[in-house]
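Q: My questions will all concern the structure given below.
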Number of protein chains: 2
Amino acid sequence: MPFTYAYPRAALTVDCVVFGFDGADLKILLIRRGVAPFLGSWALPGGFVRVTETLDDAARRELAEEAGLTQVFLEQLYSFSGVDRDPRERVVSVAYYALVKLADHPTMSAGDASDAAWFPLTQLPPLAFDHAEIVKIALERLRTKVRYQPIGFELLPKQFTLSQLQDLYEAVLRTAMDKRNFRKKILAMGLLIPLNGRTQLGAHRPAQLFRFDAKKYAALKKRGFHFEL
Amino acid sequence: MPFTYAYPRAALTVDCVVFGFDGADLKILLIRRGVAPFLGSWALPGGFVRVTETLDDAARRELAEEAGLTQVFLEQLYSFSGVDRDPRERVVSVAYYALVKLADHPTMSAGDASDAAWFPLTQLPPLAFDHAEIVKIALERLRTKVRYQPIGFELLPKQFTLSQLQDLYEAVLRTAMDKRNFRKKILAMGLLIPLNGRTQLGAHRPAQLFRFDAKKYAALKKRGFHFEL
DNA sequence: TCAAAAGTGTTCTTGATACACCCATGC
DNA sequence: GCATGGGTGTATCAAGAACACTTTTGA
């Protein structure tokens with residue numbers, strides 16, 4: 001059932017850079033390709049956009065199909081249009097980045113995709129197409145955005161300790177931060193709600209758990225508040 | 001000469017939000033449509049992406065064809081994909097925003113487009129398609145970006161006074177700024193080169209002209225400097 | 001000489017930085 | 001009782017905010 005047009009058209013795809021944090025390293029989710037081209041290579045989850053869906057719809061559908069991920073933070077990143085980025089034909093890809101609570105999706109053994117795995121950013125394998133470039137842009141975006149919007153919480157479990165939060169920021173921004181100043185600043189915003197539960201983990205003093213107060217943030221933002229860390 | 005594909009494909013367009021500054025108001029460039037749909041309505045300059053060109057190429061080509069603009073600051077903004085955003089068929093549009101030195105392109109009587117005109121942002125006519133939404137997103141981007149990247153200079157002539165620069169920031173950010181503090185801060189960055197010429201304008205004290213030192217900025221940026229105003 | 005925009009310093013307040021020790025727990 | 005990470009306060013320094021008058025020119 002062919003579809004014909006008066007002028008040639010590029011194919012349209014979405015690709016998703018999915019970030020996760022395991023408490024130590026920032027990681028991204030890759031899928032091993034089961035079809036040519038780049039058969040057997042690692043690639044970003046993604047695929048063709050259907051003519052009946054928006055780009056956001058397509059990105060969410062691909063995340064669900066290829067990685068079993070739903071309900072994740074997802075934001076459009078950039079559109080990539082190099083004329084030869086796909087060896088088969090002209091393909092324009094709209095890239096997204098997603099943030100997932102790795103601890104909540106335990107071990108995350110992927111969906112129906114042939115093969116999916118988390119890679120630390122420092123140990124990425126060679127990637128198909130121009131996906132290395134897309135990852136680079138996504139990382140830049142994450143680094144700048146995490147500083148002035150409270151999106152870091154999307155990478156942590158709903159309940160987290162201040163040390164976990166600081167570890168996350170240090171991993172994303174690749175900088176060491178002073179513990180007292182970090183706690184002072186983040187608590188001064190009044191966006192973290194202390195919970196009565198506690199965490200024990202290993203053999204140490206239990207830490208206070210917090211959750212991010214999204215409603216309060218939304219209200220403050222309307223009144224001109226700017227998150228910044 | 002039809003082109004056929006196994007699956008239906010969306011058409012792909014680019015649309016450009018072109019900002020200009022006349023010394024008092026921030027303006028955008030609109031084109032009056034000469035074809036259906038929205039015949040006679042005002043719309044953003046833009047058009048279909050050819051299968052042989054990148055998105056950036058397409059945006060620059062459309063700016064040249066429809067508005068006679070070349071050599072302008074141009075940056076990809078966001079991709080819009082509402083299923084019904086074009087009444088004819090499925091069209092995905094990649095939006096760009098451009099900054100032009102309005103004073104250098106004098107009166108800017110447009111290119112070969114049937115009709116082009118500059119509108120102050122406060123007095124925009126109804127726009128075709130979802131272009132009002134695109135303008136809104138572009139304006140948000142401009143407002144956030146102008147504060148931490150030196151792109152404001154793209155809207156001023158190469159030589160400008162500090163008052164012109166401050167007027168620009170006040171127009172874009174819609175805030176009043178203190179003259180002494182503004183000058184102190186911007187000069188402290190060391191990115192403005194004072195010129196020996198002077199401007200006279202009306203019947204007042206001449207003002208020192210400056211130009212932006214793009215080379216110095218590039219060098220500083222590499223060493224971790226962050227522009228911020 | 002007047003109107004209009006250019007230009008210039010200091011004080012105060014606020015937020016950022018630097019820094020070291022005790023606490024609670026499991027082993 | 002010891003190893004491990006959790007938790008806390010102050011003093012200093014830098015940057016941002018507030019603020020009013022003199023200068024230069026053309027008309």
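Residue numbering restarts at 1 in every chain; chains get A, B, ... in the order shown in the structure tokens, and ligands count up from 1 in that same order.
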Would you kindly report the residues of chain D within 12 Å of chain B, using only C-alpha atoms (C1' of nucleotides), as a ChimeraX atom specification?

A: /D:15-20,23-27

Q: As a compact mmCIF listing (two decimals) with C-alpha atoms, in the first residue's frame, please: every residue in stretch 40-218 of chain B that DSSP puts in helix (DSSP H, G or I).

A:
# COMPACT_ATOMS: atom_id res chain seq x y z
CA LEU B 55 17.40 22.09 8.42
CA ASP B 56 19.88 24.93 8.91
CA ASP B 57 20.32 25.18 5.15
CA ALA B 58 16.57 25.31 4.67
CA ALA B 59 16.13 28.03 7.28
CA ARG B 60 18.85 30.19 5.74
CA ARG B 61 17.48 29.63 2.26
CA GLU B 62 13.99 30.68 3.30
CA LEU B 63 15.29 33.77 5.07
CA ALA B 64 17.16 34.78 1.93
CA GLU B 65 14.27 34.02 -0.42
CA GLU B 66 11.43 35.47 1.59
CA ALA B 67 13.11 38.30 3.43
CA LEU B 121 5.77 42.23 19.78
CA THR B 122 3.03 44.06 21.58
CA GLN B 123 1.05 44.58 18.39
CA HIS B 131 2.78 30.50 14.63
CA ALA B 132 1.61 32.46 17.65
CA GLU B 133 2.74 29.55 19.81
CA ILE B 134 6.08 29.44 18.04
CA VAL B 135 6.60 33.15 18.63
CA LYS B 136 5.81 32.68 22.30
CA ILE B 137 8.41 29.94 22.66
CA ALA B 138 10.96 31.95 20.71
CA LEU B 139 10.47 34.93 22.95
CA GLU B 140 10.96 32.83 26.06
CA ARG B 141 14.15 31.45 24.58
CA LEU B 142 15.42 34.88 23.67
CA ARG B 143 14.68 36.20 27.15
CA THR B 144 16.50 33.42 28.93
CA LYS B 145 19.38 33.23 26.48
CA VAL B 146 20.13 36.92 26.31
CA ARG B 147 20.98 36.88 29.99
CA TYR B 148 23.74 34.33 29.90
CA GLY B 152 22.12 40.80 22.39
CA PHE B 153 24.85 42.35 20.26
CA GLU B 154 23.38 40.58 17.23
CA LEU B 155 20.45 42.98 17.47
CA LEU B 162 26.07 51.73 26.26
CA SER B 163 22.69 53.42 26.36
CA GLN B 164 21.62 51.57 23.23
CA LEU B 165 22.76 48.31 24.79
CA GLN B 166 20.89 49.02 27.97
CA ASP B 167 17.75 50.00 26.05
CA LEU B 168 17.96 46.69 24.24
CA TYR B 169 18.20 44.68 27.43
CA GLU B 170 15.38 46.62 28.99
CA ALA B 171 13.19 46.00 25.94
CA VAL B 172 13.95 42.29 25.78
CA LEU B 173 13.73 41.60 29.49
CA LYS B 179 22.46 52.91 34.54
CA ARG B 180 25.54 52.95 36.74
CA ASN B 181 25.29 49.33 37.74
CA PHE B 182 24.65 48.26 34.16
CA ARG B 183 27.73 50.06 32.89
CA LYS B 184 29.90 48.88 35.72
CA LYS B 185 28.99 45.26 35.17
CA ILE B 186 29.22 45.14 31.41
CA LEU B 187 32.49 47.07 31.30
CA ALA B 188 33.99 44.91 34.03
CA ALA B 214 33.92 38.38 19.85
CA LYS B 215 37.45 36.97 19.75
CA LYS B 216 38.13 37.82 23.34
CA TYR B 217 34.81 36.31 24.34
CA ALA B 218 35.62 33.07 22.53

Q: Figure out the distance between atom CA of A:Arg85 and atom CA of A:Val100, please, to one decimal in Å.

A: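 Straight-line distance from atom CA of A:Val100 to atom CA of A:Arg85 works out to 27.6 Å.
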
Q: Pull out every residue of chain B sitting within 9 Å of chain A, counting only C-alpha atoms, and send them as a ChimeraX atom specification.

A: /B:1-12,49-56,76-83,90,92,94

Q: What are the DSSP strand (DSSP E or B) residues of stretch 7-202 of chain B, as a PyMOL selection string?

A: chain B and resi 11-21+26-32+42-43+46-48+73-80+91-99+116-120+127+160+192-199

Q: Please return, as an MDAnalysis selection string, all residues of chain C lying within 12 Å of chain B when only C-alpha atoms (C1' of nucleotides) are considered.

A: chainID C and resid 2:10

Q: Write the residues of the selection above to a file with N, CA, C and O atoms (P, O5', C5', C4', C3', O3' and C1' of nucleotides), as a JSON list (two decimals), in the first residue's frame.

A:
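Saved file selection_3.json follows:
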[["chain", "number", "residue", "atom", "x", "y", "z"],
["C", 2, "DC", "P", 17.93, 79.42, 31.60],
["C", 2, "DC", "O5'", 17.07, 78.33, 30.81],
["C", 2, "DC", "C5'", 16.88, 78.51, 29.41],
["C", 2, "DC", "C4'", 16.67, 77.18, 28.71],
["C", 2, "DC", "C3'", 16.44, 76.00, 29.65],
["C", 2, "DC", "O3'", 15.51, 75.12, 29.02],
["C", 2, "DC", "C1'", 18.28, 75.53, 28.28],
["C", 3, "DA", "P", 14.55, 74.22, 29.82],
["C", 3, "DA", "O5'", 14.37, 72.97, 28.84],
["C", 3, "DA", "C5'", 14.38, 73.19, 27.43],
["C", 3, "DA", "C4'", 14.96, 71.98, 26.73],
["C", 3, "DA", "C3'", 14.64, 70.65, 27.40],
["C", 3, "DA", "O3'", 14.31, 69.73, 26.38],
["C", 3, "DA", "C1'", 16.98, 70.86, 27.18],
["C", 4, "DA", "P", 13.75, 68.30, 26.75],
["C", 4, "DA", "O5'", 15.02, 67.37, 26.48],
["C", 4, "DA", "C5'", 15.61, 67.34, 25.17],
["C", 4, "DA", "C4'", 16.81, 66.45, 25.20],
["C", 4, "DA", "C3'", 16.58, 65.16, 26.01],
["C", 4, "DA", "O3'", 17.07, 64.07, 25.27],
["C", 4, "DA", "C1'", 18.51, 66.26, 26.77],
["C", 5, "DA", "P", 16.50, 62.58, 25.59],
["C", 5, "DA", "O5'", 17.83, 61.73, 25.81],
["C", 5, "DA", "C5'", 18.78, 61.66, 24.73],
["C", 5, "DA", "C4'", 20.16, 61.67, 25.30],
["C", 5, "DA", "C3'", 20.52, 60.44, 26.15],
["C", 5, "DA", "O3'", 21.65, 59.81, 25.56],
["C", 5, "DA", "C1'", 21.22, 62.44, 27.18],
["C", 6, "DA", "P", 22.60, 58.79, 26.29],
["C", 6, "DA", "O5'", 23.76, 59.76, 26.80],
["C", 6, "DA", "C5'", 24.69, 60.27, 25.86],
["C", 6, "DA", "C4'", 26.02, 60.57, 26.54],
["C", 6, "DA", "C3'", 26.68, 59.34, 27.17],
["C", 6, "DA", "O3'", 28.07, 59.40, 26.92],
["C", 6, "DA", "C1'", 26.15, 60.95, 28.86],
["C", 7, "DG", "P", 29.00, 58.17, 27.29],
["C", 7, "DG", "O5'", 29.38, 58.48, 28.80],
["C", 7, "DG", "C5'", 30.28, 59.55, 29.08],
["C", 7, "DG", "C4'", 30.29, 59.82, 30.56],
["C", 7, "DG", "C3'", 30.68, 58.62, 31.43],
["C", 7, "DG", "O3'", 31.96, 58.84, 31.97],
["C", 7, "DG", "C1'", 28.89, 59.89, 32.37],
["C", 8, "DT", "P", 32.78, 57.63, 32.60],
["C", 8, "DT", "O5'", 33.16, 58.12, 34.07],
["C", 8, "DT", "C5'", 32.88, 59.45, 34.44],
["C", 8, "DT", "C4'", 32.53, 59.53, 35.92],
["C", 8, "DT", "C3'", 32.88, 58.30, 36.76],
["C", 8, "DT", "O3'", 33.47, 58.74, 37.97],
["C", 8, "DT", "C1'", 30.63, 58.88, 37.12],
["C", 9, "DG", "P", 34.58, 57.87, 38.73],
["C", 9, "DG", "O5'", 34.26, 58.18, 40.26],
["C", 9, "DG", "C5'", 32.92, 58.02, 40.71],
["C", 9, "DG", "C4'", 32.86, 58.16, 42.20],
["C", 9, "DG", "C3'", 33.80, 57.22, 42.97],
["C", 9, "DG", "O3'", 34.11, 57.81, 44.23],
["C", 9, "DG", "C1'", 31.54, 56.48, 43.13],
["C", 10, "DT", "P", 34.80, 56.93, 45.39],
["C", 10, "DT", "O5'", 33.52, 56.54, 46.25],
["C", 10, "DT", "C5'", 32.64, 57.59, 46.70],
["C", 10, "DT", "C4'", 31.58, 56.99, 47.61],
["C", 10, "DT", "C3'", 32.10, 55.95, 48.61],
["C", 10, "DT", "O3'", 31.59, 56.26, 49.90],
["C", 10, "DT", "C1'", 30.26, 55.07, 47.43]]

Q: Hey, can you check how far atom CA of B:Lys27 sits from atom CA of B:Lys158?

A: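 Atom CA of B:Lys158 lies 18.7 Å from atom CA of B:Lys27.
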
Q: Please, what distance in Å, to one decimal, runs between atom CA of B:Leu30 and atom CA of B:Gln159?

A: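 Straight-line distance from atom CA of B:Leu30 to atom CA of B:Gln159 works out to 26.7 Å.
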